[in-house]
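Pasting input25.txt here (compact mmCIF, C-alpha atoms):
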```txt
# COMPACT_ATOMS: atom_id res chain seq x y z
CA MET A 1 78.34 42.23 -37.11
CA SER A 2 80.70 42.24 -34.15
CA ILE A 3 80.99 39.33 -31.74
CA GLN A 4 80.19 41.62 -28.82
CA PHE A 5 76.85 42.61 -30.36
CA VAL A 6 75.87 38.96 -30.89
CA ARG A 7 76.64 38.18 -27.25
CA LYS A 8 74.28 40.94 -26.13
CA ILE A 9 71.48 39.56 -28.35
CA ILE A 10 71.94 36.06 -26.83
CA VAL A 11 71.87 37.42 -23.24
CA ILE A 12 68.66 39.37 -23.97
CA PHE A 13 67.01 36.21 -25.47
CA PHE A 14 67.75 34.03 -22.45
CA PHE A 15 66.57 36.80 -20.10
CA ILE A 16 63.19 37.05 -21.90
CA LYS A 17 62.86 33.23 -21.96
CA ARG A 18 63.47 33.08 -18.21
CA LEU A 19 60.82 35.71 -17.53
CA ALA A 20 58.32 33.76 -19.62
CA ILE A 21 59.00 30.51 -17.71
CA ASP A 22 58.77 32.23 -14.32
CA ALA A 23 55.40 33.67 -15.30
CA PHE A 24 53.92 30.39 -16.74
CA VAL A 25 54.95 27.79 -14.11
CA PRO A 26 52.81 29.24 -11.27
CA LEU A 27 49.78 29.05 -13.55
CA ILE A 28 50.31 25.29 -13.96
CA GLN A 29 51.01 24.56 -10.28
CA SER A 30 48.34 26.74 -8.65
CA PRO A 31 44.86 25.21 -7.80
CA PRO A 32 41.86 26.20 -9.90
CA PRO A 33 39.82 29.18 -8.75
CA LYS A 34 37.33 28.50 -5.99
CA ASN A 35 34.32 29.05 -8.19
CA ILE A 36 35.55 26.38 -10.65
CA ALA A 37 36.11 23.83 -7.83
CA ARG A 38 32.64 24.54 -6.42
CA HIS A 39 31.07 24.09 -9.85
CA HIS A 40 32.84 20.74 -10.24
CA THR A 41 31.63 19.55 -6.79
CA MET A 42 28.06 20.57 -7.55
CA SER A 43 28.19 18.68 -10.83
CA GLN A 44 29.24 15.51 -9.00
CA GLN A 45 26.41 15.93 -6.46
CA THR A 46 23.90 16.45 -9.26
CA ASN A 47 24.94 13.20 -10.93
CA GLN A 48 24.45 11.20 -7.69
CA SER A 49 20.87 10.16 -6.69
CA PRO A 50 20.04 11.29 -3.14
CA PRO A 51 19.10 8.49 -0.69
CA GLN A 52 15.35 7.94 -0.38
CA PRO A 53 13.59 8.65 2.93
CA ALA A 54 12.56 5.53 4.84
CA HIS A 55 8.82 6.08 4.25
CA VAL A 56 9.38 6.29 0.49
CA ALA A 57 11.59 3.22 0.36
CA SER A 58 9.02 1.15 2.32
CA ALA A 59 5.95 2.32 0.39
CA SER A 60 6.01 -0.57 -2.07
CA ALA A 61 6.09 -3.19 0.71
CA ALA A 62 3.32 -1.40 2.61
CA ILE A 63 0.98 -1.37 -0.40
CA ASP A 64 1.80 -5.02 -1.17
CA PHE A 65 0.82 -5.93 2.41
CA LEU A 66 -2.39 -3.89 2.37
CA THR A 67 -3.38 -5.36 -0.99
CA LEU A 68 -2.92 -8.85 0.45
CA THR A 69 -5.11 -8.03 3.45
CA ARG A 70 -7.97 -7.06 1.13
CA ASN A 71 -8.70 -10.80 1.07
CA LEU A 72 -9.77 -10.50 4.71
CA LYS A 73 -12.50 -8.09 3.61
CA THR A 74 -13.77 -10.23 0.74
CA THR A 75 -13.46 -13.77 2.18
CA LYS A 76 -16.58 -14.97 3.99
CA ARG A 77 -16.23 -16.99 7.18
CA THR A 78 -16.32 -20.70 6.34
CA GLY A 79 -18.48 -21.82 9.27
CA TRP A 80 -21.36 -19.56 8.28
CA ILE A 81 -21.20 -20.67 4.66
CA HIS A 82 -21.42 -24.32 5.70
CA HIS A 83 -24.50 -23.55 7.81
CA GLY A 84 -26.35 -21.70 5.09
CA VAL A 85 -26.14 -18.23 6.61
CA HIS A 86 -27.42 -15.58 4.22
CA HIS A 87 -24.87 -12.84 3.52
CA PRO A 88 -22.31 -14.07 6.08
CA GLU A 89 -19.68 -11.84 7.64
CA SER A 90 -16.14 -11.61 6.29
CA ILE A 91 -12.95 -12.46 8.17
CA ALA A 92 -12.29 -8.71 8.55
CA ASP A 93 -15.76 -8.20 10.06
CA HIS A 94 -14.90 -10.76 12.74
CA MET A 95 -11.45 -9.28 13.38
CA TYR A 96 -12.75 -5.72 13.72
CA ARG A 97 -15.40 -6.48 16.33
CA MET A 98 -12.96 -8.73 18.16
CA SER A 99 -10.55 -5.76 18.30
CA LEU A 100 -13.28 -3.67 19.91
CA MET A 101 -13.91 -6.49 22.38
CA ALA A 102 -10.20 -6.58 23.20
CA MET A 103 -10.16 -2.85 23.88
CA ILE A 104 -13.19 -2.60 26.17
CA SER A 105 -12.57 -5.86 28.04
CA SER A 106 -8.95 -5.01 28.85
CA PHE A 107 -9.90 -1.62 30.31
CA SER A 108 -11.36 -3.33 33.37
CA THR A 109 -8.23 -5.44 33.97
CA SER A 110 -4.51 -4.96 34.55
CA LEU A 111 -3.78 -6.32 31.07
CA ASP A 112 -1.93 -4.38 28.38
CA THR A 113 -4.73 -2.86 26.29
CA ASP A 114 -2.51 -2.00 23.33
CA ARG A 115 -1.18 -5.55 23.24
CA CYS A 116 -4.68 -7.01 23.38
CA ILE A 117 -5.77 -4.90 20.42
CA LYS A 118 -2.67 -5.87 18.45
CA LEU A 119 -3.29 -9.56 19.14
CA ALA A 120 -6.86 -9.18 17.87
CA LEU A 121 -5.70 -7.46 14.68
CA VAL A 122 -3.07 -10.12 14.01
CA HIS A 123 -4.71 -13.37 15.15
CA ASP A 124 -6.38 -14.23 11.80
CA LEU A 125 -3.98 -12.32 9.55
CA ALA A 126 -2.66 -15.52 7.94
CA GLU A 127 -6.16 -16.18 6.59
CA ALA A 128 -5.51 -13.44 4.03
CA LYS A 129 -3.54 -16.10 2.17
CA VAL A 130 -4.64 -19.54 3.43
CA GLY A 131 -8.33 -18.76 3.94
CA ASP A 132 -10.60 -19.54 6.90
CA ILE A 133 -9.78 -23.16 7.78
CA THR A 134 -12.21 -24.75 10.24
CA PRO A 135 -12.06 -28.15 12.02
CA HIS A 136 -14.52 -29.43 9.41
CA CYS A 137 -12.32 -28.61 6.39
CA GLY A 138 -10.34 -31.87 6.58
CA VAL A 139 -7.06 -30.14 7.46
CA SER A 140 -5.18 -31.33 10.56
CA GLU A 141 -4.28 -28.85 13.31
CA LYS A 142 -0.59 -29.44 12.56
CA ASP A 143 -0.96 -28.74 8.84
CA LYS A 144 -3.11 -25.68 9.54
CA TYR A 145 -0.50 -24.28 11.93
CA GLU A 146 2.35 -24.86 9.46
CA MET A 147 0.44 -23.24 6.60
CA GLU A 148 -0.38 -20.20 8.70
CA LEU A 149 3.13 -19.96 10.13
CA GLU A 150 4.58 -19.97 6.62
CA THR A 151 2.21 -17.16 5.67
CA MET A 152 3.08 -15.11 8.74
CA GLU A 153 6.81 -15.50 8.04
CA TYR A 154 6.13 -14.34 4.49
CA ILE A 155 4.26 -11.28 5.79
CA SER A 156 7.00 -10.59 8.35
CA ASN A 157 9.67 -10.62 5.64
CA MET A 158 7.47 -8.49 3.37
CA LEU A 159 7.13 -5.72 5.97
CA GLY A 160 10.60 -6.02 7.48
CA PRO A 161 11.66 -4.56 10.85
CA LEU A 162 10.89 -1.00 9.73
CA MET A 163 7.14 -1.71 9.58
CA GLY A 164 6.93 -4.15 12.46
CA GLY A 165 7.27 -7.42 10.58
CA ASP A 166 9.15 -9.06 13.45
CA GLU A 167 6.67 -7.86 16.07
CA ILE A 168 3.66 -9.03 14.04
CA LEU A 169 5.13 -12.52 13.77
CA LYS A 170 5.83 -12.61 17.52
CA LEU A 171 2.29 -11.44 18.31
CA TRP A 172 0.80 -14.16 16.13
CA LYS A 173 2.93 -16.82 17.83
CA GLU A 174 1.94 -15.44 21.24
CA TYR A 175 -1.74 -15.77 20.33
CA GLU A 176 -1.26 -19.30 18.98
CA ASP A 177 0.63 -20.40 22.10
CA GLY A 178 -2.03 -18.87 24.35
CA THR A 179 0.30 -18.70 27.34
CA THR A 180 0.17 -15.00 28.27
CA GLU A 181 -2.78 -13.45 30.09
CA GLU A 182 -3.50 -11.27 27.05
CA ALA A 183 -3.45 -14.25 24.69
CA ARG A 184 -5.77 -16.26 26.96
CA LEU A 185 -8.28 -13.41 26.98
CA LEU A 186 -8.08 -13.11 23.19
CA LYS A 187 -8.66 -16.86 22.78
CA ASP A 188 -11.89 -16.40 24.72
CA LEU A 189 -12.89 -13.31 22.75
CA ASP A 190 -12.43 -15.20 19.48
CA LYS A 191 -15.12 -17.65 20.62
CA ILE A 192 -17.25 -14.90 22.19
CA GLU A 193 -17.41 -13.01 18.90
CA MET A 194 -18.41 -16.24 17.15
CA ILE A 195 -21.30 -17.15 19.44
CA LEU A 196 -22.50 -13.54 19.55
CA GLN A 197 -22.64 -13.56 15.76
CA ALA A 198 -24.43 -16.92 15.81
CA GLN A 199 -27.00 -15.55 18.26
CA GLU A 200 -27.54 -12.53 15.99
CA TYR A 201 -28.03 -14.70 12.90
CA GLU A 202 -30.57 -16.79 14.84
CA ALA A 203 -32.44 -13.66 15.93
CA GLU A 204 -32.55 -12.44 12.33
CA GLY A 205 -33.59 -15.83 11.01
CA SER A 206 -30.87 -15.52 8.35
CA HIS A 207 -29.72 -19.15 8.34
CA ASP A 208 -30.85 -22.44 6.83
CA LYS A 209 -29.29 -24.88 9.32
CA SER A 210 -29.18 -25.03 13.11
CA LEU A 211 -26.40 -22.99 14.70
CA ASP A 212 -26.43 -24.98 17.94
CA GLN A 213 -23.01 -26.40 17.12
CA PHE A 214 -21.32 -23.04 17.70
CA PHE A 215 -22.65 -22.93 21.26
CA THR A 216 -22.02 -26.58 22.18
CA SER A 217 -18.46 -26.48 20.80
CA THR A 218 -17.54 -23.61 23.13
CA ASN A 219 -19.51 -24.61 26.22
CA GLY A 220 -17.25 -24.93 29.27
CA LYS A 221 -14.07 -24.01 27.36
CA TRP A 222 -13.63 -20.49 28.69
CA ARG A 223 -10.22 -19.53 30.07
CA THR A 224 -11.06 -16.23 31.75
CA ASP A 225 -13.74 -14.73 33.99
CA ILE A 226 -14.58 -12.23 31.26
CA GLY A 227 -15.08 -15.06 28.78
CA ARG A 228 -17.41 -16.92 31.13
CA ALA A 229 -19.40 -13.79 32.02
CA TRP A 230 -19.86 -12.60 28.44
CA ALA A 231 -20.75 -16.08 27.20
CA ALA A 232 -23.38 -16.42 29.95
CA GLU A 233 -24.93 -13.10 28.92
CA ILE A 234 -25.11 -14.13 25.26
CA VAL A 235 -26.67 -17.49 26.12
CA LYS A 236 -29.20 -15.76 28.39
CA ARG A 237 -30.27 -13.45 25.57
CA ARG A 238 -30.44 -16.37 23.16
CA THR A 239 -32.71 -18.24 25.56
CA MET A 240 -34.99 -15.23 26.04
CA ILE A 241 -35.36 -14.73 22.27
CA SER A 242 -36.03 -18.43 21.78
CA HIS A 243 -38.65 -18.36 24.53
CA ARG A 244 -40.44 -15.35 23.00
CA GLU A 245 -40.43 -17.01 19.58
CA SER A 246 -41.92 -20.18 21.07
CA ILE A 247 -44.74 -18.19 22.69
CA HIS A 248 -45.35 -16.33 19.43
CA ASP A 249 -45.47 -19.55 17.40
CA LYS A 250 -47.79 -21.19 19.94
CA LYS A 251 -50.18 -18.25 19.82
CA GLU A 252 -50.25 -18.29 16.02
CA ASN A 253 -51.05 -22.00 16.03
CA GLU A 254 -53.90 -21.46 18.48
CA ASP A 255 -55.33 -18.62 16.39
CA SER A 256 -55.22 -20.69 13.26
```

Would you put the structure from the file into structure tokens?
Amino acid sequence: MSIQFVRKIIVIFFFIKRLAIDAFVPLIQSPPPKNIARHHTMSQQTNQSPPQPAHVASASAAIDFLTLTRNLKTTKRTGWIHHGVHHPESIADHMYRMSLMAMISSFSTSLDTDRCIKLALVHDLAEAKVGDITPHCGVSEKDKYEMELETMEYISNMLGPLMGGDEILKLWKEYEDGTTEEARLLKDLDKIEMILQAQEYEAEGSHDKSLDQFFTSTNGKWRTDIGRAWAAEIVKRRTMISHRESIHDKKENEDS
């Protein structure tokens, strides 16, 4: 075999090798096809959990709060129990009618109706955890306030800002302080609802002990014109019913 022929073979080999390299390198350096990149991106998105909507994330706290407030529906008011009232109202019963009082009484004033209703809904909220503590339960006003404040802070943290936890705590403090016009009205309505309920229990005869204490404890302690006017109307009706009962009893005694 001649040297010239061998040289030609070597030249042809290197030429083919160069063609192969030129054809392969672009395949290594070029990006993957668009459909492959899109498939890879979609796979990453599938593996990542999407963020939950706010209403879904807060659902657990909302149900925890509502479950706690069930106690307001099942806990009977302490004062009525101590006075032998048959089938006494619950804390929630008191709060609901007081909320109606807040609504209709504020309509005739320049007060913030929405705020009045909120104050009524919140004012006894702590009793869902601490119960209905009265002045006759042997708990000081200071201890009662601290127990209820701790409960309201717990509820505020439970709900968080998203569900008004901060506002609910502020409303409760506003009611306790009793410095705003709305809070002063609500303080009166709290007592108004109580003596109205006492008058109704007396009219029904559904009590074992005298309910006079509820009227004497509130007499002359009204902070607003509405409180004084409504209290006077309740006392007037109580007096009329008592008078009719006295006449009825007297007539029965005479007949016997």

- Task: Counting all atoms listed in the file, write as JSON, numbers by chain all protein and nucleic acid residues lying at most 9 Å from (-3.8, -12.8, 10.1) in the file's frame.
- Result: {"A": [69, 72, 121, 122, 123, 124, 125, 126, 127, 128, 129, 148, 151, 152, 172]}

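Here CA of Ile241 (chain A) is placed at a distance of 18.7 Å from CA of Ala229 (chain A).
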
Expected answer as a PyMOL selection string: all residues with atoms within 10 Å of (-17.4, -20.0, 19.6), only C-alpha atoms: chain A and resi 187-198+213-219+221-222+231

Q.
Taking 2 positions as the minimum chain separation for residues in the same chain, which residues sit within 12 Å of His83 (chain A) when counting all atoms listed in the file? Answer as a PyMOL selection string.
A. chain A and resi 77-81+85-88+136+198+201-202+206-214

Residue subset to file, keeping C-alpha atoms, as a short mmCIF file (atom, residue, chain, number, x, y, z; two decimals), keeping the file's coordinate frame:
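To be explicit, this is the file written out as selection.cif:
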```
data_model
loop_
_atom_site.label_atom_id
_atom_site.label_comp_id
_atom_site.auth_asym_id
_atom_site.auth_seq_id
_atom_site.Cartn_x
_atom_site.Cartn_y
_atom_site.Cartn_z
CA ARG A 77 -16.23 -16.99 7.18
CA THR A 78 -16.32 -20.70 6.34
CA GLY A 79 -18.48 -21.82 9.27
CA TRP A 80 -21.36 -19.56 8.28
CA ILE A 81 -21.20 -20.67 4.66
CA VAL A 85 -26.14 -18.23 6.61
CA HIS A 86 -27.42 -15.58 4.22
CA HIS A 87 -24.87 -12.84 3.52
CA PRO A 88 -22.31 -14.07 6.08
CA HIS A 136 -14.52 -29.43 9.41
CA ALA A 198 -24.43 -16.92 15.81
CA TYR A 201 -28.03 -14.70 12.90
CA GLU A 202 -30.57 -16.79 14.84
CA SER A 206 -30.87 -15.52 8.35
CA HIS A 207 -29.72 -19.15 8.34
CA ASP A 208 -30.85 -22.44 6.83
CA LYS A 209 -29.29 -24.88 9.32
CA SER A 210 -29.18 -25.03 13.11
CA LEU A 211 -26.40 -22.99 14.70
CA ASP A 212 -26.43 -24.98 17.94
CA GLN A 213 -23.01 -26.40 17.12
CA PHE A 214 -21.32 -23.04 17.70
#
```

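Counting from CA of Tyr175 (chain A), the distance to CA of Ile117 (chain A) is 11.6 Å.
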
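For the atom pair formed by CA of Ser90 (chain A) and CA of Val235 (chain A), the distance is 23.2 Å, given to one decimal.
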